[in-house]
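Undergrad: Structure file structure-v6.pdb (PDB, N, CA and C atoms) right here:
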ATOM      1  N   MET A   4       0.837  -1.176   0.000
ATOM      2  CA  MET A   4       0.000   0.000   0.000
ATOM      3  C   MET A   4       0.892   1.254   0.000
ATOM      4  N   THR A   5       0.555   2.203  -0.827
ATOM      5  CA  THR A   5       1.336   3.424  -0.968
ATOM      6  C   THR A   5       1.088   4.358   0.215
ATOM      7  N   PRO A   6       2.156   4.808   0.871
ATOM      8  CA  PRO A   6       1.957   5.753   1.973
ATOM      9  C   PRO A   6       1.547   7.125   1.452
ATOM     10  N   PHE A   7       0.856   7.881   2.276
ATOM     11  CA  PHE A   7       0.449   9.235   1.899
ATOM     12  C   PHE A   7       1.672  10.148   1.849
ATOM     13  N   PHE A   8       2.540  10.052   2.876
ATOM     14  CA  PHE A   8       3.746  10.878   2.940
ATOM     15  C   PHE A   8       4.998  10.024   2.856
ATOM     16  N   SER A   9       5.998  10.550   2.190
ATOM     17  CA  SER A   9       7.366  10.045   2.280
ATOM     18  C   SER A   9       8.167  11.121   2.995
ATOM     19  N   VAL A  10       8.607  10.800   4.193
ATOM     20  CA  VAL A  10       9.477  11.715   4.931
ATOM     21  C   VAL A  10      10.904  11.358   4.523
ATOM     22  N   ILE A  11      11.589  12.304   3.893
ATOM     23  CA  ILE A  11      12.945  12.032   3.421
ATOM     24  C   ILE A  11      13.951  12.702   4.347
ATOM     25  N   ILE A  12      14.924  11.915   4.791
ATOM     26  CA  ILE A  12      15.928  12.398   5.737
ATOM     27  C   ILE A  12      17.318  12.076   5.203
ATOM     28  N   PRO A  13      18.010  13.048   4.628
ATOM     29  CA  PRO A  13      19.410  12.824   4.290
ATOM     30  C   PRO A  13      20.253  12.978   5.560
ATOM     31  N   VAL A  14      21.289  12.169   5.689
ATOM     32  CA  VAL A  14      22.114  12.236   6.894
ATOM     33  C   VAL A  14      23.584  12.090   6.525
ATOM     34  N   TYR A  15      24.406  12.895   7.189
ATOM     35  CA  TYR A  15      25.857  12.794   7.043
ATOM     36  C   TYR A  15      26.498  13.089   8.394
ATOM     37  N   ASN A  16      27.091  12.062   8.990
ATOM     38  CA  ASN A  16      27.782  12.168  10.280
ATOM     39  C   ASN A  16      26.907  12.775  11.383
ATOM     40  N   ARG A  17      25.654  12.389  11.413
ATOM     41  CA  ARG A  17      24.734  12.856  12.461
ATOM     42  C   ARG A  17      23.903  11.703  13.014
ATOM     43  N   ALA A  18      24.522  10.555  13.180
ATOM     44  CA  ALA A  18      23.791   9.384  13.662
ATOM     45  C   ALA A  18      23.107   9.665  14.999
ATOM     46  N   GLU A  19      23.799  10.378  15.876
ATOM     47  CA  GLU A  19      23.234  10.656  17.199
ATOM     48  C   GLU A  19      21.968  11.508  17.097
ATOM     49  N   ALA A  20      21.974  12.514  16.252
ATOM     50  CA  ALA A  20      20.805  13.389  16.079
ATOM     51  C   ALA A  20      19.683  12.697  15.316
ATOM     52  N   LEU A  21      20.021  11.739  14.480
ATOM     53  CA  LEU A  21      19.031  11.058  13.647
ATOM     54  C   LEU A  21      17.941  10.391  14.475
ATOM     55  N   ALA A  22      18.293   9.859  15.625
ATOM     56  CA  ALA A  22      17.303   9.170  16.470
ATOM     57  C   ALA A  22      16.146  10.089  16.841
ATOM     58  N   ALA A  23      16.438  11.328  17.203
ATOM     59  CA  ALA A  23      15.380  12.274  17.575
ATOM     60  C   ALA A  23      14.524  12.633  16.362
ATOM     61  N   ALA A  24      15.141  12.771  15.205
ATOM     62  CA  ALA A  24      14.386  13.090  13.988
ATOM     63  C   ALA A  24      13.406  11.968  13.667
ATOM     64  N   ILE A  25      13.892  10.740  13.679
ATOM     65  CA  ILE A  25      13.023   9.593  13.381
ATOM     66  C   ILE A  25      11.929   9.461  14.438
ATOM     67  N   ALA A  26      12.282   9.608  15.695
ATOM     68  CA  ALA A  26      11.283   9.508  16.766
ATOM     69  C   ALA A  26      10.186  10.544  16.590
ATOM     70  N   SER A  27      10.535  11.743  16.135
ATOM     71  CA  SER A  27       9.519  12.785  15.955
ATOM     72  C   SER A  27       8.558  12.445  14.819
ATOM     73  N   VAL A  28       9.043  11.740  13.822
ATOM     74  CA  VAL A  28       8.150  11.306  12.733
ATOM     75  C   VAL A  28       7.239  10.192  13.231
ATOM     76  N   ARG A  29       7.797   9.261  13.956
ATOM     77  CA  ARG A  29       6.993   8.143  14.462
ATOM     78  C   ARG A  29       5.934   8.597  15.461
ATOM     79  N   ALA A  30       6.109   9.784  16.052
ATOM     80  CA  ALA A  30       5.159  10.320  17.030
ATOM     81  C   ALA A  30       4.073  11.179  16.380
ATOM     82  N   GLN A  31       4.002  11.206  15.073
ATOM     83  CA  GLN A  31       3.023  12.044  14.376
ATOM     84  C   GLN A  31       1.591  11.572  14.626
ATOM     85  N   THR A  32       0.666  12.529  14.651
ATOM     86  CA  THR A  32      -0.750  12.174  14.766
ATOM     87  C   THR A  32      -1.235  11.512  13.481
ATOM     88  N   CYS A  33      -0.658  11.863  12.352
ATOM     89  CA  CYS A  33      -0.925  11.206  11.073
ATOM     90  C   CYS A  33       0.121  10.105  10.901
ATOM     91  N   GLN A  34      -0.317   8.865  10.841
ATOM     92  CA  GLN A  34       0.612   7.739  10.796
ATOM     93  C   GLN A  34       0.765   7.124   9.405
ATOM     94  N   ASP A  35       0.234   7.771   8.385
ATOM     95  CA  ASP A  35       0.297   7.238   7.022
ATOM     96  C   ASP A  35       1.551   7.764   6.318
ATOM     97  N   PHE A  36       2.695   7.183   6.663
ATOM     98  CA  PHE A  36       3.963   7.660   6.119
ATOM     99  C   PHE A  36       4.969   6.528   6.008
ATOM    100  N   GLU A  37       5.999   6.799   5.243
ATOM    101  CA  GLU A  37       7.226   6.020   5.256
ATOM    102  C   GLU A  37       8.351   7.002   5.574
ATOM    103  N   ILE A  38       9.456   6.485   6.048
ATOM    104  CA  ILE A  38      10.640   7.305   6.305
ATOM    105  C   ILE A  38      11.763   6.769   5.426
ATOM    106  N   VAL A  39      12.310   7.641   4.590
ATOM    107  CA  VAL A  39      13.412   7.258   3.710
ATOM    108  C   VAL A  39      14.661   7.987   4.203
ATOM    109  N   VAL A  40      15.587   7.224   4.749
ATOM    110  CA  VAL A  40      16.841   7.775   5.258
ATOM    111  C   VAL A  40      17.935   7.463   4.246
ATOM    112  N   VAL A  41      18.668   8.483   3.842
ATOM    113  CA  VAL A  41      19.798   8.279   2.930
ATOM    114  C   VAL A  41      21.069   8.762   3.612
ATOM    115  N   ASP A  42      21.972   7.820   3.844
ATOM    116  CA  ASP A  42      23.273   8.120   4.423
ATOM    117  C   ASP A  42      24.220   8.517   3.297
ATOM    118  N   ASP A  43      24.753   9.718   3.389
ATOM    119  CA  ASP A  43      25.640  10.254   2.365
ATOM    120  C   ASP A  43      27.111   9.987   2.708
ATOM    121  N   GLY A  44      27.422   8.713   3.004
ATOM    122  CA  GLY A  44      28.801   8.328   3.262
ATOM    123  C   GLY A  44      29.324   8.698   4.632
ATOM    124  N   SER A  45      28.477   8.613   5.636
ATOM    125  CA  SER A  45      28.871   8.979   7.006
ATOM    126  C   SER A  45      29.991   8.100   7.535
ATOM    127  N   LYS A  46      30.747   8.661   8.474
ATOM    128  CA  LYS A  46      31.785   7.910   9.168
ATOM    129  C   LYS A  46      31.248   7.297  10.462
ATOM    130  N   ASP A  47      30.105   7.790  10.955
ATOM    131  CA  ASP A  47      29.465   7.163  12.107
ATOM    132  C   ASP A  47      28.473   6.111  11.572
ATOM    133  N   ASP A  48      27.512   5.685  12.351
ATOM    134  CA  ASP A  48      26.667   4.561  11.933
ATOM    135  C   ASP A  48      25.167   4.901  11.978
ATOM    136  N   PRO A  49      24.683   5.730  11.030
ATOM    137  CA  PRO A  49      23.251   6.046  11.029
ATOM    138  C   PRO A  49      22.374   4.830  10.710
ATOM    139  N   ARG A  50      22.927   3.849  10.017
ATOM    140  CA  ARG A  50      22.150   2.642   9.709
ATOM    141  C   ARG A  50      21.680   1.958  10.999
ATOM    142  N   ALA A  51      22.598   1.797  11.953
ATOM    143  CA  ALA A  51      22.244   1.150  13.217
ATOM    144  C   ALA A  51      21.150   1.929  13.938
ATOM    145  N   VAL A  52      21.224   3.252  13.886
ATOM    146  CA  VAL A  52      20.203   4.086  14.521
ATOM    147  C   VAL A  52      18.856   3.870  13.845
ATOM    148  N   ALA A  53      18.826   3.955  12.528
ATOM    149  CA  ALA A  53      17.566   3.813  11.793
ATOM    150  C   ALA A  53      16.947   2.435  12.018
ATOM    151  N   LEU A  54      17.767   1.397  11.960
ATOM    152  CA  LEU A  54      17.237   0.039  12.103
ATOM    153  C   LEU A  54      16.898  -0.315  13.541
ATOM    154  N   SER A  55      17.421   0.440  14.503
ATOM    155  CA  SER A  55      17.115   0.163  15.907
ATOM    156  C   SER A  55      15.635   0.375  16.225
ATOM    157  N   PHE A  56      14.949   1.132  15.399
ATOM    158  CA  PHE A  56      13.516   1.369  15.619
ATOM    159  C   PHE A  56      12.665   0.161  15.224
ATOM    160  N   ALA A  57      13.221  -0.755  14.443
ATOM    161  CA  ALA A  57      12.502  -1.959  14.018
ATOM    162  C   ALA A  57      11.106  -1.617  13.479
ATOM    163  N   ASP A  58      11.052  -0.600  12.641
ATOM    164  CA  ASP A  58       9.792  -0.131  12.060
ATOM    165  C   ASP A  58       9.856  -0.386  10.549
ATOM    166  N   PRO A  59       8.959  -1.201  10.012
ATOM    167  CA  PRO A  59       9.019  -1.515   8.584
ATOM    168  C   PRO A  59       8.775  -0.306   7.676
ATOM    169  N   ARG A  60       8.306   0.800   8.242
ATOM    170  CA  ARG A  60       8.099   2.012   7.444
ATOM    171  C   ARG A  60       9.399   2.767   7.205
ATOM    172  N   ILE A  61      10.463   2.373   7.891
ATOM    173  CA  ILE A  61      11.767   3.032   7.728
ATOM    174  C   ILE A  61      12.580   2.255   6.701
ATOM    175  N   ARG A  62      12.993   2.971   5.661
ATOM    176  CA  ARG A  62      13.859   2.369   4.631
ATOM    177  C   ARG A  62      15.176   3.133   4.634
ATOM    178  N   PHE A  63      16.275   2.396   4.591
ATOM    179  CA  PHE A  63      17.600   2.993   4.708
ATOM    180  C   PHE A  63      18.415   2.711   3.448
ATOM    181  N   PHE A  64      19.092   3.749   2.969
ATOM    182  CA  PHE A  64      19.964   3.630   1.796
ATOM    183  C   PHE A  64      21.285   4.321   2.113
ATOM    184  N   ARG A  65      22.354   3.791   1.560
ATOM    185  CA  ARG A  65      23.680   4.391   1.735
ATOM    186  C   ARG A  65      24.270   4.661   0.361
ATOM    187  N   GLN A  66      24.948   5.789   0.259
ATOM    188  CA  GLN A  66      25.664   6.129  -0.967
ATOM    189  C   GLN A  66      27.009   6.729  -0.599
ATOM    190  N   ASN A  67      27.928   6.741  -1.545
ATOM    191  CA  ASN A  67      29.188   7.442  -1.340
ATOM    192  C   ASN A  67      28.897   8.920  -1.192
ATOM    193  N   ASN A  68      29.754   9.613  -0.462
ATOM    194  CA  ASN A  68      29.541  11.029  -0.199
ATOM    195  C   ASN A  68      29.488  11.836  -1.491
ATOM    196  N   LYS A  69      28.331  12.446  -1.732
ATOM    197  CA  LYS A  69      28.107  13.282  -2.916
ATOM    198  C   LYS A  69      27.520  14.631  -2.554
ATOM    199  N   GLY A  70      27.242  14.854  -1.271
ATOM    200  CA  GLY A  70      26.662  16.114  -0.829
ATOM    201  C   GLY A  70      25.185  15.977  -0.497
ATOM    202  N   GLY A  71      24.699  16.960   0.264
ATOM    203  CA  GLY A  71      23.316  16.942   0.730
ATOM    204  C   GLY A  71      22.280  16.918  -0.379
ATOM    205  N   GLY A  72      22.527  17.682  -1.435
ATOM    206  CA  GLY A  72      21.579  17.712  -2.550
ATOM    207  C   GLY A  72      21.451  16.352  -3.212
ATOM    208  N   ALA A  73      22.565  15.675  -3.394
ATOM    209  CA  ALA A  73      22.539  14.343  -4.006
ATOM    210  C   ALA A  73      21.820  13.341  -3.103
ATOM    211  N   ALA A  74      22.030  13.453  -1.783
ATOM    212  CA  ALA A  74      21.338  12.560  -0.851
ATOM    213  C   ALA A  74      19.829  12.797  -0.887
ATOM    214  N   ARG A  75      19.427  14.057  -0.970
ATOM    215  CA  ARG A  75      17.993  14.361  -1.082
ATOM    216  C   ARG A  75      17.423  13.795  -2.382
ATOM    217  N   ASN A  76      18.166  13.919  -3.462
ATOM    218  CA  ASN A  76      17.701  13.376  -4.744
ATOM    219  C   ASN A  76      17.577  11.862  -4.696
ATOM    220  N   THR A  77      18.513  11.203  -4.055
ATOM    221  CA  THR A  77      18.416   9.748  -3.893
ATOM    222  C   THR A  77      17.169   9.392  -3.093
ATOM    223  N   ALA A  78      16.918  10.145  -2.020
ATOM    224  CA  ALA A  78      15.718   9.901  -1.211
ATOM    225  C   ALA A  78      14.457  10.106  -2.044
ATOM    226  N   LEU A  79      14.445  11.143  -2.859
ATOM    227  CA  LEU A  79      13.288  11.381  -3.738
ATOM    228  C   LEU A  79      13.098  10.235  -4.720
ATOM    229  N   ASP A  80      14.191   9.722  -5.250
ATOM    230  CA  ASP A  80      14.114   8.584  -6.177
ATOM    231  C   ASP A  80      13.532   7.347  -5.503
ATOM    232  N   GLN A  81      13.792   7.171  -4.221
ATOM    233  CA  GLN A  81      13.326   5.991  -3.488
ATOM    234  C   GLN A  81      11.947   6.176  -2.864
ATOM    235  N   ALA A  82      11.489   7.408  -2.770
ATOM    236  CA  ALA A  82      10.210   7.702  -2.114
ATOM    237  C   ALA A  82       9.043   7.072  -2.867
ATOM    238  N   GLN A  83       8.119   6.520  -2.111
ATOM    239  CA  GLN A  83       6.932   5.884  -2.690
ATOM    240  C   GLN A  83       5.636   6.590  -2.317
ATOM    241  N   GLY A  84       5.730   7.593  -1.462
ATOM    242  CA  GLY A  84       4.539   8.288  -0.989
ATOM    243  C   GLY A  84       3.954   9.231  -2.023
ATOM    244  N   ARG A  85       2.734   9.635  -1.750
ATOM    245  CA  ARG A  85       2.046  10.578  -2.637
ATOM    246  C   ARG A  85       2.629  11.980  -2.506
ATOM    247  N   PHE A  86       3.023  12.348  -1.282
ATOM    248  CA  PHE A  86       3.598  13.662  -1.010
ATOM    249  C   PHE A  86       4.928  13.509  -0.286
ATOM    250  N   ILE A  87       5.810  14.477  -0.481
ATOM    251  CA  ILE A  87       7.138  14.475   0.122
ATOM    252  C   ILE A  87       7.162  15.447   1.303
ATOM    253  N   ALA A  88       7.742  14.994   2.404
ATOM    254  CA  ALA A  88       7.944  15.835   3.577
ATOM    255  C   ALA A  88       9.427  15.765   3.948
ATOM    256  N   PRO A  89      10.215  16.776   3.572
ATOM    257  CA  PRO A  89      11.639  16.753   3.895
ATOM    258  C   PRO A  89      11.892  17.055   5.374
ATOM    259  N   LEU A  90      12.897  16.397   5.922
ATOM    260  CA  LEU A  90      13.291  16.622   7.312
ATOM    261  C   LEU A  90      14.805  16.486   7.394
ATOM    262  N   ASP A  91      15.475  17.505   7.919
ATOM    263  CA  ASP A  91      16.914  17.418   8.135
ATOM    264  C   ASP A  91      17.189  16.467   9.295
ATOM    265  N   SER A  92      18.320  15.808   9.251
ATOM    266  CA  SER A  92      18.641  14.795  10.263
ATOM    267  C   SER A  92      18.851  15.378  11.657
ATOM    268  N   ASP A  93      19.064  16.677  11.754
ATOM    269  CA  ASP A  93      19.252  17.302  13.064
ATOM    270  C   ASP A  93      18.056  18.161  13.458
ATOM    271  N   ASP A  94      16.897  17.857  12.896
ATOM    272  CA  ASP A  94      15.679  18.613  13.179
ATOM    273  C   ASP A  94      14.596  17.632  13.609
ATOM    274  N   ILE A  95      13.469  18.157  14.076
ATOM    275  CA  ILE A  95      12.336  17.305  14.458
ATOM    276  C   ILE A  95      11.042  17.925  13.949
ATOM    277  N   PHE A  96      10.029  17.096  13.803
ATOM    278  CA  PHE A  96       8.677  17.549  13.492
ATOM    279  C   PHE A  96       7.897  17.682  14.798
ATOM    280  N   LEU A  97       7.067  18.705  14.895
ATOM    281  CA  LEU A  97       6.084  18.764  15.973
ATOM    282  C   LEU A  97       5.058  17.672  15.707
ATOM    283  N   PRO A  98       4.346  17.175  16.724
ATOM    284  CA  PRO A  98       3.480  16.007  16.568
ATOM    285  C   PRO A  98       2.397  16.107  15.501
ATOM    286  N   ASP A  99       1.940  17.301  15.168
ATOM    287  CA  ASP A  99       0.864  17.418  14.176
ATOM    288  C   ASP A  99       1.353  17.968  12.829
ATOM    289  N   HIS A 100       2.657  17.909  12.614
ATOM    290  CA  HIS A 100       3.232  18.482  11.384
ATOM    291  C   HIS A 100       2.615  17.861  10.127
ATOM    292  N   LEU A 101       2.617  16.547  10.035
ATOM    293  CA  LEU A 101       2.086  15.906   8.821
ATOM    294  C   LEU A 101       0.581  16.105   8.693
ATOM    295  N   ALA A 102      -0.132  16.056   9.776
ATOM    296  CA  ALA A 102      -1.586  16.256   9.726
ATOM    297  C   ALA A 102      -1.930  17.643   9.212
ATOM    298  N   ARG A 103      -1.147  18.638   9.579
ATOM    299  CA  ARG A 103      -1.400  20.006   9.127
ATOM    300  C   ARG A 103      -1.015  20.202   7.663
ATOM    301  N   MET A 104      -0.047  19.427   7.220
ATOM    302  CA  MET A 104       0.351  19.540   5.812
ATOM    303  C   MET A 104      -0.781  19.075   4.918
TER     304      MET A 104
END
Would you mind writing the structure in this file as structure tokens?
TA:
Amino acid sequence: MTPFFSVIIPVYNRAEALAAAIASVRAQTCQDFEIVVVDDGSKDDPRAVALSFADPRIRFFRQNNKGGGAARNTALDQAQGRFIAPLDSDDIFLPDHLARM
């Protein structure tokens, strides 16, 4: 089933901050989403953070470092949702962000 939103999160060397970003998406009042995380060649381990949530709505991709724009484009290429909701890896959504969108 196609999710309504694809939340795209590019990440580079921010594994620690990524947990709060993902948690804020999972806490949304609107639960019809997927989370697409693209690691842009980090030296830390954002994959372990993303997979620690054990949520099938989270999809993780890794690429060689090409910059934030390239990571966002990769996330867009992988997104399956009807609408895109970008989120930086060091930011969070308020609980009703997707519902208001």
Undergrad: Taking into account only C-alpha atoms, which residue in the set A:Glu37, A:Asp43, A:Asp94, A:Asp48 is nearest to Thr77 (chain A)?
TA: A:Asp43
Undergrad: Just give me the gap between CA of Gly44 (chain A) and CA of Ile61 (chain A) in Å, one decimal is fine.
TA: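 The value is 18.4 Å.
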Undergrad: With distances taken over all atoms listed in the file, which residue among A:Leu101, A:Ile87, A:Leu21, A:Ile11 lies nearest Val41 (chain A)?
TA: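 Looking only at the distances to Val41 (chain A), the closest residue turns out to be A:Ile11.
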Undergrad: Here is a test: counting only N, CA and C atoms, which residue of A:Ala57, A:Val14, A:Met4, A:Ala26 is nearest to Ile95 (chain A)?
TA: A:Ala26
Undergrad: Give me every helix (DSSP H, G or I) residue in chain A, going by DSSP on the backbone, as a compact mmCIF listing (two decimals) with N, CA and C atoms, in the frame of the given file.
TA:
# COMPACT_ATOMS: atom_id res chain seq x y z
N ALA A 18 24.52 10.56 13.18
CA ALA A 18 23.79 9.38 13.66
C ALA A 18 23.11 9.66 15.00
N GLU A 19 23.80 10.38 15.88
CA GLU A 19 23.23 10.66 17.20
C GLU A 19 21.97 11.51 17.10
N ALA A 20 21.97 12.51 16.25
CA ALA A 20 20.80 13.39 16.08
C ALA A 20 19.68 12.70 15.32
N LEU A 21 20.02 11.74 14.48
CA LEU A 21 19.03 11.06 13.65
C LEU A 21 17.94 10.39 14.48
N ALA A 22 18.29 9.86 15.62
CA ALA A 22 17.30 9.17 16.47
C ALA A 22 16.15 10.09 16.84
N ALA A 23 16.44 11.33 17.20
CA ALA A 23 15.38 12.27 17.58
C ALA A 23 14.52 12.63 16.36
N ALA A 24 15.14 12.77 15.20
CA ALA A 24 14.39 13.09 13.99
C ALA A 24 13.41 11.97 13.67
N ILE A 25 13.89 10.74 13.68
CA ILE A 25 13.02 9.59 13.38
C ILE A 25 11.93 9.46 14.44
N ALA A 26 12.28 9.61 15.70
CA ALA A 26 11.28 9.51 16.77
C ALA A 26 10.19 10.54 16.59
N SER A 27 10.54 11.74 16.14
CA SER A 27 9.52 12.78 15.96
C SER A 27 8.56 12.44 14.82
N VAL A 28 9.04 11.74 13.82
CA VAL A 28 8.15 11.31 12.73
C VAL A 28 7.24 10.19 13.23
N ARG A 29 7.80 9.26 13.96
CA ARG A 29 6.99 8.14 14.46
C ARG A 29 5.93 8.60 15.46
N PRO A 49 24.68 5.73 11.03
CA PRO A 49 23.25 6.05 11.03
C PRO A 49 22.37 4.83 10.71
N ARG A 50 22.93 3.85 10.02
CA ARG A 50 22.15 2.64 9.71
C ARG A 50 21.68 1.96 11.00
N ALA A 51 22.60 1.80 11.95
CA ALA A 51 22.24 1.15 13.22
C ALA A 51 21.15 1.93 13.94
N VAL A 52 21.22 3.25 13.89
CA VAL A 52 20.20 4.09 14.52
C VAL A 52 18.86 3.87 13.84
N ALA A 53 18.83 3.96 12.53
CA ALA A 53 17.57 3.81 11.79
C ALA A 53 16.95 2.44 12.02
N LEU A 54 17.77 1.40 11.96
CA LEU A 54 17.24 0.04 12.10
C LEU A 54 16.90 -0.32 13.54
N SER A 55 17.42 0.44 14.50
CA SER A 55 17.11 0.16 15.91
C SER A 55 15.64 0.38 16.23
N GLY A 71 24.70 16.96 0.26
CA GLY A 71 23.32 16.94 0.73
C GLY A 71 22.28 16.92 -0.38
N GLY A 72 22.53 17.68 -1.44
CA GLY A 72 21.58 17.71 -2.55
C GLY A 72 21.45 16.35 -3.21
N ALA A 73 22.56 15.68 -3.39
CA ALA A 73 22.54 14.34 -4.01
C ALA A 73 21.82 13.34 -3.10
N ALA A 74 22.03 13.45 -1.78
CA ALA A 74 21.34 12.56 -0.85
C ALA A 74 19.83 12.80 -0.89
N ARG A 75 19.43 14.06 -0.97
CA ARG A 75 17.99 14.36 -1.08
C ARG A 75 17.42 13.80 -2.38
N ASN A 76 18.17 13.92 -3.46
CA ASN A 76 17.70 13.38 -4.74
C ASN A 76 17.58 11.86 -4.70
N THR A 77 18.51 11.20 -4.06
CA THR A 77 18.42 9.75 -3.89
C THR A 77 17.17 9.39 -3.09
N ALA A 78 16.92 10.14 -2.02
CA ALA A 78 15.72 9.90 -1.21
C ALA A 78 14.46 10.11 -2.04
N LEU A 79 14.44 11.14 -2.86
CA LEU A 79 13.29 11.38 -3.74
C LEU A 79 13.10 10.24 -4.72
N ASP A 80 14.19 9.72 -5.25
CA ASP A 80 14.11 8.58 -6.18
C ASP A 80 13.53 7.35 -5.50
N GLN A 81 13.79 7.17 -4.22
CA GLN A 81 13.33 5.99 -3.49
C GLN A 81 11.95 6.18 -2.86
N HIS A 100 2.66 17.91 12.61
CA HIS A 100 3.23 18.48 11.38
C HIS A 100 2.62 17.86 10.13
N LEU A 101 2.62 16.55 10.04
CA LEU A 101 2.09 15.91 8.82
C LEU A 101 0.58 16.10 8.69
N ALA A 102 -0.13 16.06 9.78
CA ALA A 102 -1.59 16.26 9.73
C ALA A 102 -1.93 17.64 9.21
N ARG A 103 -1.15 18.64 9.58
CA ARG A 103 -1.40 20.01 9.13
C ARG A 103 -1.01 20.20 7.66
